[in-house]
$ cat coords17.cif   # mmCIF, C-alpha atoms (C1' of nucleotides)
data_upload
#
loop_
_atom_site.label_atom_id
_atom_site.label_comp_id
_atom_site.auth_asym_id
_atom_site.auth_seq_id
_atom_site.Cartn_x
_atom_site.Cartn_y
_atom_site.Cartn_z
CA MET A 8 0.00 0.00 0.00
CA ARG A 9 1.14 3.52 -0.73
CA LYS A 10 4.49 3.87 0.98
CA ARG A 11 4.34 0.31 2.23
CA LYS A 12 5.67 0.62 5.73
CA ARG A 13 7.45 -2.66 6.02
CA ILE A 14 7.70 -2.85 9.72
CA LYS A 15 8.71 -6.07 11.26
CA LEU A 16 5.56 -6.70 13.18
CA GLU A 17 6.42 -9.05 15.93
CA ALA A 18 3.71 -6.88 17.35
CA ALA A 19 1.75 -10.10 17.46
CA GLY A 20 0.96 -9.77 21.09
CA TRP A 21 -0.12 -6.24 21.75
CA THR A 22 -1.62 -5.76 25.12
CA GLY A 23 -4.04 -2.95 24.64
CA GLY A 24 -1.87 -0.19 23.31
CA SER A 25 -2.26 0.75 19.70
CA VAL A 26 0.45 0.27 17.15
CA LYS A 27 0.30 3.82 15.93
CA ASP A 28 1.67 6.91 17.61
CA PHE A 29 5.18 5.74 18.26
CA LEU A 30 6.11 5.23 14.66
CA GLY A 31 5.51 7.65 11.87
CA LEU A 32 2.42 5.80 10.89
CA SER A 33 -0.58 7.56 9.57
CA GLU A 34 -3.77 6.86 11.38
CA ALA A 35 -5.09 4.92 8.40
CA ASP A 36 -2.04 2.70 8.17
CA ALA A 37 -2.18 2.03 11.88
CA VAL A 38 -5.81 1.03 11.79
CA LEU A 39 -5.24 -1.24 8.83
CA ILE A 40 -2.35 -2.96 10.57
CA GLU A 41 -4.37 -3.43 13.70
CA MET A 42 -7.19 -4.94 11.68
CA LYS A 43 -4.79 -7.40 10.13
CA LEU A 44 -3.34 -8.32 13.48
CA ALA A 45 -6.81 -8.95 14.82
CA LEU A 46 -7.48 -11.24 11.88
CA SER A 47 -4.18 -13.01 12.51
CA ARG A 48 -5.09 -13.71 16.10
CA SER A 49 -8.50 -14.85 15.03
CA LEU A 50 -6.99 -17.31 12.60
CA ARG A 51 -4.73 -18.83 15.19
CA GLU A 52 -7.57 -19.13 17.64
CA ARG A 53 -9.76 -20.84 15.09
CA ARG A 54 -7.04 -23.24 14.10
CA LYS A 55 -6.34 -24.23 17.66
CA LYS A 56 -10.02 -24.47 18.41
CA TYR A 57 -10.22 -27.11 15.73
CA GLY A 58 -7.09 -28.79 16.99
CA LEU A 59 -5.31 -28.41 13.68
CA SER A 60 -1.59 -28.02 13.12
CA GLN A 61 -0.35 -25.41 10.69
CA VAL A 62 0.41 -28.20 8.25
CA GLN A 63 -3.12 -29.54 8.44
CA LEU A 64 -4.63 -26.11 8.05
CA ALA A 65 -2.38 -25.49 5.08
CA GLU A 66 -3.73 -28.58 3.37
CA ARG A 67 -7.28 -27.52 4.11
CA LEU A 68 -6.66 -24.07 2.64
CA GLN A 69 -4.47 -25.33 -0.17
CA SER A 70 -1.63 -23.22 1.06
CA SER A 71 1.65 -24.00 2.80
CA GLN A 72 2.73 -24.25 6.41
CA SER A 73 5.08 -21.33 6.02
CA ARG A 74 2.34 -19.11 4.77
CA ILE A 75 0.08 -20.08 7.63
CA ALA A 76 2.89 -19.22 10.03
CA LYS A 77 3.34 -15.86 8.34
CA MET A 78 -0.37 -15.19 8.47
CA GLU A 79 -0.47 -15.88 12.16
CA ALA A 80 2.65 -13.87 12.77
CA GLY A 81 1.19 -10.77 11.16
CA ASP A 82 3.89 -10.82 8.51
CA PRO A 83 3.58 -7.79 6.24
CA SER A 84 3.65 -10.05 3.21
CA VAL A 85 0.16 -11.34 3.85
CA SER A 86 -2.80 -9.58 2.37
CA MET A 87 -6.10 -8.91 4.00
CA ASP A 88 -7.70 -10.88 1.21
CA LEU A 89 -5.78 -13.98 2.24
CA LEU A 90 -6.60 -13.55 5.90
CA VAL A 91 -10.27 -12.98 5.27
CA SER A 92 -10.77 -15.75 2.76
CA SER A 93 -8.89 -18.14 5.03
CA LEU A 94 -11.16 -17.31 7.92
CA LEU A 95 -14.19 -17.68 5.70
CA LEU A 96 -12.99 -21.11 4.63
CA LEU A 97 -12.64 -21.94 8.30
CA GLY A 98 -16.31 -21.26 8.64
CA VAL A 99 -16.19 -17.85 10.23
CA SER A 100 -19.29 -15.82 9.45
CA SER A 101 -19.10 -12.32 8.02
CA THR A 102 -20.80 -11.18 11.18
CA ASP A 103 -17.95 -12.51 13.28
CA LEU A 104 -15.44 -11.14 10.81
CA ALA A 105 -17.02 -7.75 11.28
CA LYS A 106 -16.66 -8.07 15.03
CA THR A 107 -13.00 -8.93 14.65
CA ILE A 108 -12.41 -6.04 12.33
CA ARG A 109 -14.33 -3.61 14.45
CA GLY A 110 -11.61 -3.96 17.01
CA GLU A 111 -11.70 -1.92 20.18
CA GLY A 112 -14.92 -3.06 21.74
CA ARG A 113 -14.46 -6.59 22.94
CA ARG A 114 -18.01 -7.73 23.52
CA LYS A 115 -19.45 -9.94 26.16
CA SER A 116 -16.99 -12.80 26.44
CA GLY A 117 -13.81 -13.56 24.61
CA ARG A 118 -12.41 -12.23 21.44
CA ALA A 119 -14.70 -12.19 18.45
CA ALA A 120 -14.57 -14.54 15.49
CA MET B 4 -6.77 -16.30 -4.37
CA ARG B 5 -6.92 -20.06 -4.66
CA LYS B 6 -8.54 -20.73 -8.01
CA ARG B 7 -8.97 -17.05 -8.65
CA LYS B 8 -12.38 -16.90 -10.14
CA ARG B 9 -11.90 -14.04 -12.48
CA ILE B 10 -15.48 -13.21 -13.07
CA LYS B 11 -16.29 -10.04 -14.78
CA LEU B 12 -18.21 -8.43 -12.01
CA GLU B 13 -20.36 -5.83 -13.55
CA ALA B 14 -22.31 -6.99 -10.56
CA ALA B 15 -21.85 -3.45 -9.35
CA GLY B 16 -25.52 -2.93 -8.81
CA TRP B 17 -26.85 -5.95 -7.03
CA THR B 18 -30.29 -5.47 -5.70
CA GLY B 19 -30.52 -7.83 -2.80
CA GLY B 20 -29.73 -11.15 -4.37
CA SER B 21 -26.43 -12.75 -3.49
CA VAL B 22 -23.67 -13.29 -6.00
CA LYS B 23 -23.27 -16.93 -5.18
CA ASP B 24 -25.48 -19.80 -6.21
CA PHE B 25 -25.70 -19.11 -9.89
CA LEU B 26 -22.03 -19.52 -10.58
CA GLY B 27 -19.87 -22.31 -9.32
CA LEU B 28 -18.70 -20.20 -6.45
CA SER B 29 -17.94 -21.64 -3.10
CA GLU B 30 -19.71 -20.05 -0.20
CA ALA B 31 -16.45 -18.51 0.99
CA ASP B 32 -15.65 -17.00 -2.39
CA ALA B 33 -19.15 -15.64 -2.66
CA VAL B 34 -19.01 -13.98 0.73
CA LEU B 35 -15.65 -12.46 -0.01
CA ILE B 36 -16.89 -11.03 -3.29
CA GLU B 37 -19.95 -9.62 -1.65
CA MET B 38 -17.82 -7.99 0.98
CA LYS B 39 -15.71 -6.37 -1.69
CA LEU B 40 -18.76 -5.15 -3.54
CA ALA B 41 -20.09 -3.63 -0.35
CA LEU B 42 -16.80 -1.83 0.12
CA SER B 43 -16.95 -0.64 -3.49
CA ARG B 44 -20.35 0.87 -2.99
CA SER B 45 -19.23 2.43 0.23
CA LEU B 46 -16.29 4.05 -1.51
CA ARG B 47 -18.44 5.59 -4.21
CA GLU B 48 -20.90 6.87 -1.65
CA ARG B 49 -18.17 8.47 0.39
CA ARG B 50 -16.62 10.07 -2.64
CA LYS B 51 -19.89 11.56 -3.77
CA LYS B 52 -20.74 12.63 -0.27
CA TYR B 53 -17.60 14.74 -0.34
CA GLY B 54 -18.36 15.99 -3.81
CA LEU B 55 -15.13 14.67 -5.24
CA SER B 56 -14.50 13.48 -8.77
CA GLN B 57 -12.57 10.26 -9.32
CA VAL B 58 -9.61 12.38 -10.38
CA GLN B 59 -9.70 14.38 -7.19
CA LEU B 60 -10.03 11.30 -5.05
CA ALA B 61 -7.15 9.71 -6.93
CA GLU B 62 -4.93 12.63 -6.01
CA ARG B 63 -6.00 12.41 -2.41
CA LEU B 64 -5.20 8.72 -2.28
CA GLN B 65 -2.11 8.98 -4.44
CA SER B 66 -3.63 6.64 -6.95
CA SER B 67 -5.06 7.08 -10.43
CA GLN B 68 -8.51 7.77 -11.83
CA SER B 69 -8.61 4.45 -13.56
CA ARG B 70 -7.92 2.58 -10.38
CA ILE B 71 -10.62 4.48 -8.55
CA ALA B 72 -13.01 3.58 -11.33
CA LYS B 73 -12.02 -0.06 -11.05
CA MET B 74 -12.42 0.02 -7.30
CA GLU B 75 -15.91 1.40 -7.61
CA ALA B 76 -16.76 -1.04 -10.35
CA GLY B 77 -15.83 -4.03 -8.24
CA ASP B 78 -13.13 -5.00 -10.70
CA PRO B 79 -11.49 -8.28 -9.71
CA SER B 80 -8.08 -6.66 -9.96
CA VAL B 81 -8.59 -4.65 -6.79
CA SER B 82 -7.64 -6.07 -3.47
CA MET B 83 -9.49 -5.80 -0.23
CA ASP B 84 -6.44 -4.09 1.20
CA LEU B 85 -6.76 -1.31 -1.32
CA LEU B 86 -10.46 -0.87 -0.72
CA VAL B 87 -10.11 -0.84 3.02
CA SER B 88 -7.13 1.47 3.20
CA SER B 89 -8.80 3.82 0.76
CA LEU B 90 -11.89 3.99 2.92
CA LEU B 91 -9.78 4.53 6.00
CA LEU B 92 -8.00 7.41 4.30
CA LEU B 93 -11.41 8.81 3.52
CA GLY B 94 -12.06 8.93 7.20
CA VAL B 95 -14.27 5.89 7.57
CA SER B 96 -14.01 4.38 11.05
CA SER B 97 -13.29 0.73 11.59
CA THR B 98 -16.69 0.52 13.22
CA ASP B 99 -18.36 1.66 10.03
CA LEU B 100 -16.11 -0.61 8.00
CA ALA B 101 -17.29 -3.48 10.13
CA LYS B 102 -20.88 -2.56 9.44
CA THR B 103 -20.20 -2.50 5.73
CA ILE B 104 -18.47 -5.84 5.84
CA ARG B 105 -21.10 -7.43 8.01
CA GLY B 106 -23.44 -7.11 5.08
CA GLU B 107 -26.95 -8.45 5.30
CA GLY B 108 -28.32 -6.48 8.19
CA ARG B 109 -28.84 -2.96 6.99
CA ARG B 110 -29.34 -1.04 10.23
CA LYS B 111 -31.58 1.84 11.01
CA SER B 112 -31.15 4.21 8.11
CA GLY B 113 -29.14 4.01 4.94
CA ARG B 114 -26.25 1.82 4.02
CA ALA B 115 -23.42 1.68 6.49
CA ALA B 116 -20.07 3.40 6.18
"C1'" DT C 8 -24.31 20.24 -32.77
"C1'" DG C 9 -19.60 21.03 -30.28
"C1'" DA C 10 -16.60 21.57 -26.42
"C1'" DC C 11 -15.83 20.00 -21.85
"C1'" DA C 12 -15.83 17.26 -17.53
"C1'" DT C 13 -16.40 12.73 -15.66
"C1'" DT C 14 -16.23 7.97 -15.71
"C1'" DA C 15 -15.10 3.37 -17.99
"C1'" DT C 16 -11.94 0.08 -20.14
"C1'" DG C 17 -7.66 -1.87 -21.80
"C1'" DT C 18 -2.69 -2.41 -21.42
"C1'" DC C 19 1.77 -2.53 -19.31
"C1'" DA C 20 6.05 -2.20 -16.31
"C1'" DA C 21 7.03 -2.25 -11.67
"C1'" DA C 22 5.70 -3.60 -7.10
"C1'" DT C 23 3.77 -6.99 -4.03
"C1'" DA C 24 1.78 -11.44 -2.65
"C1'" DT C 25 1.66 -16.47 -2.89
"C1'" DG C 26 2.89 -21.36 -2.47
"C1'" DA C 27 6.67 -24.22 -2.20
"C1'" DC C 28 10.86 -25.51 -0.48
"C1'" DA C 29 14.80 -25.73 2.78
"C1'" DT C 30 16.15 -25.19 7.10
"C1'" DA C 31 16.29 -23.58 11.80
"C1'" DC C 32 14.15 -23.30 16.30
"C1'" DG C 33 11.50 -25.11 20.39
"C1'" DG C 34 9.32 -28.60 22.88
"C1'" DT C 35 8.34 -33.69 24.35
"C1'" DG C 36 9.23 -38.40 25.02
"C1'" DC C 37 12.45 -41.68 25.22
"C1'" DG D 11 21.91 -37.58 23.80
"C1'" DC D 12 18.41 -38.62 19.56
"C1'" DA D 13 14.09 -38.70 17.05
"C1'" DC D 14 9.90 -36.58 16.28
"C1'" DC D 15 6.36 -32.91 15.87
"C1'" DG D 16 5.05 -28.28 15.42
"C1'" DT D 17 6.30 -23.70 14.37
"C1'" DA D 18 9.34 -19.96 12.54
"C1'" DT D 19 12.20 -17.79 8.99
"C1'" DG D 20 14.45 -17.05 4.61
"C1'" DT D 21 14.46 -17.45 -0.36
"C1'" DC D 22 12.65 -17.87 -4.90
"C1'" DA D 23 9.80 -18.52 -9.27
"C1'" DT D 24 5.32 -17.55 -10.45
"C1'" DA D 25 1.10 -14.99 -9.97
"C1'" DT D 26 -1.48 -11.04 -8.80
"C1'" DT D 27 -1.96 -6.08 -7.82
"C1'" DT D 28 -0.97 -1.27 -8.65
"C1'" DG D 29 -0.35 3.30 -10.64
"C1'" DA D 30 0.09 5.27 -14.92
"C1'" DC D 31 -1.14 6.06 -19.42
"C1'" DA D 32 -4.15 6.03 -23.59
"C1'" DT D 33 -8.53 6.04 -25.19
"C1'" DA D 34 -13.39 5.21 -25.35
"C1'" DA D 35 -17.81 5.98 -23.48
"C1'" DT D 36 -21.18 8.87 -21.06
"C1'" DG D 37 -23.00 13.30 -19.41
"C1'" DT D 38 -23.85 18.17 -19.32
"C1'" DC D 39 -24.32 22.60 -20.74
"C1'" DA D 40 -24.78 25.85 -23.85
#

$ encode --input "coords17.cif" --output "structure tokens"
Amino acid sequence: MRKRKRIKLEAAGWTGGSVKDFLGLSEADAVLIEMKLALSRSLRERRKKYGLSQVQLAERLQSSQSRIAKMEAGDPSVSMDLLVSSLLLLGVSSTDLAKTIRGEGRRKSGRAA
Amino acid sequence: MRKRKRIKLEAAGWTGGSVKDFLGLSEADAVLIEMKLALSRSLRERRKKYGLSQVQLAERLQSSQSRIAKMEAGDPSVSMDLLVSSLLLLGVSSTDLAKTIRGEGRRKSGRAA
DNA sequence: TGACATTATGTCAAATATGACATACGGTGC
DNA sequence: GCACCGTATGTCATATTTGACATAATGTCA
């Protein structure tokens, strides 16, 4: 995207703080990155919920273990399209996807999607 | 994506019917496409709301008029990343994005985001 | 009708994403 | 220790996406 801020996002486990406002990230970039990270977490949760290994999930999605790992790690080389379609193939509803993307407001119990 | 169904989506103006179930689309592919179309519509609405031409919007997003046109037309060559980041740059909140993506349930008044 | 603005469509080089592969890292059981 | 499983990381050829450009189509206003 635009300037393509290729930040090494081992940001995987952000507590509650936002990614923006300590790097020269525009608000839009920051929000997009946070959305992707939320999707990443969601993917890992789903996979574990189903008791699948990355290899097994890769087969199911016709992808590769390394790509699954990168998806879950929030690697900048993974597109939102890939994250979303993977989650959809895992049976996540668009409603739950929306909750994940919405970010911020964690509802009742547990993380969405 | 996967098989990459490169359907010419002049689907731009879908009434209420879903894109799936008349082509050999998997449920996941169908949902993804519908999400993208919803984002497309949202982009056009936002642009018009601000009284911008495609050229003006292109400048604002550092893109080109043709790409804006393709985005709004639901052209298969545009990624979800591009749609989402464009909307974010237009000031759409992730909450509204979520509403757009959620699809189906049109809330109170007017289309979301 | 003729300008003129706006939007659509096609193409292309450069940028980016993807799956596959190798290989390294971390844990567990023996 | 070794062997095994799961995950991480790096690289690469191929595929897709992107901005830019040309050009066509559509509107609008005299």

$ closest_atom_pairs --input "coords17.cif" --of "chain D" --to "chain B" --cutoff "9 Å" --atoms "only C-alpha atoms (C1' of nucleotides)" --output "CSV"
residue,atom,partner,partner_atom,distance
D:DT26,C1',B:Ser80,CA,8.0
D:DT27,C1',B:Ser80,CA,6.5
D:DT28,C1',B:Arg70,CA,8.1
D:DG29,C1',B:Ser66,CA,6.0
D:DA30,C1',B:Ser67,CA,7.1

$ interface_residues --input "coords17.cif" --of "chain B" --to "chain A" --cutoff "8 Å" --atoms "all atoms listed in the file" --output "PyMOL selection string"
chain B and resi 4-5+31-32+34-35+65+82-85+87-88+91-92+97-102+104-106

$ interface_residues --input "coords17.cif" --of "chain C" --to "chain B" --cutoff "8 Å" --atoms "all atoms listed in the file" --output "compact mmCIF listing (two decimals) with C-alpha atoms (C1' of nucleotides), keeping the file's coordinate frame"
# COMPACT_ATOMS: atom_id res chain seq x y z
C1' DT C 13 -16.40 12.73 -15.66
C1' DT C 14 -16.23 7.97 -15.71
C1' DA C 15 -15.10 3.37 -17.99

$ atom_distance --input "coords17.cif" --atom1 "atom CA of A:Arg53" --atom2 "atom CA of B:Ser45"
29.2 Å

$ atom_distance --input "coords17.cif" --atom1 "atom CA of B:Gln59" --atom2 "atom C1' of C:DA12"
12.4 Å

$ residues_around --input "coords17.cif" --residues "D:DT33" --least-positions-apart "2" --cutoff "10 Å" --atoms "only C-alpha atoms (C1' of nucleotides)" --output "VMD selection string"
(chain C and resid 16 to 17) or (chain D and resid 31 35)

$ resolve_selection --input "coords17.cif" --expression "the PyMOL selection byres ((chain C and resi 28) around 10)" --output "list in words"
Ser71 and Ser73 of chain A; DG26, DA27, DA29 and DT30 of chain C; DT21 and DC22 of chain D

$ residues_around --input "coords17.cif" --residues "C:DC37" --least-positions-apart "3" --cutoff "12 Å" --atoms "only C-alpha atoms (C1' of nucleotides)" --output "PDB file with C-alpha atoms (C1' of nucleotides), in the frame of the given file"
ATOM      1  C1'  DG D  11      21.910 -37.580  23.800  1.00  0.00           C
ATOM      2  C1'  DC D  12      18.410 -38.620  19.560  1.00  0.00           C
ATOM      3  C1'  DA D  13      14.090 -38.700  17.050  1.00  0.00           C
ATOM      4  C1'  DC D  14       9.900 -36.580  16.280  1.00  0.00           C
TER       5       DC D  14
END
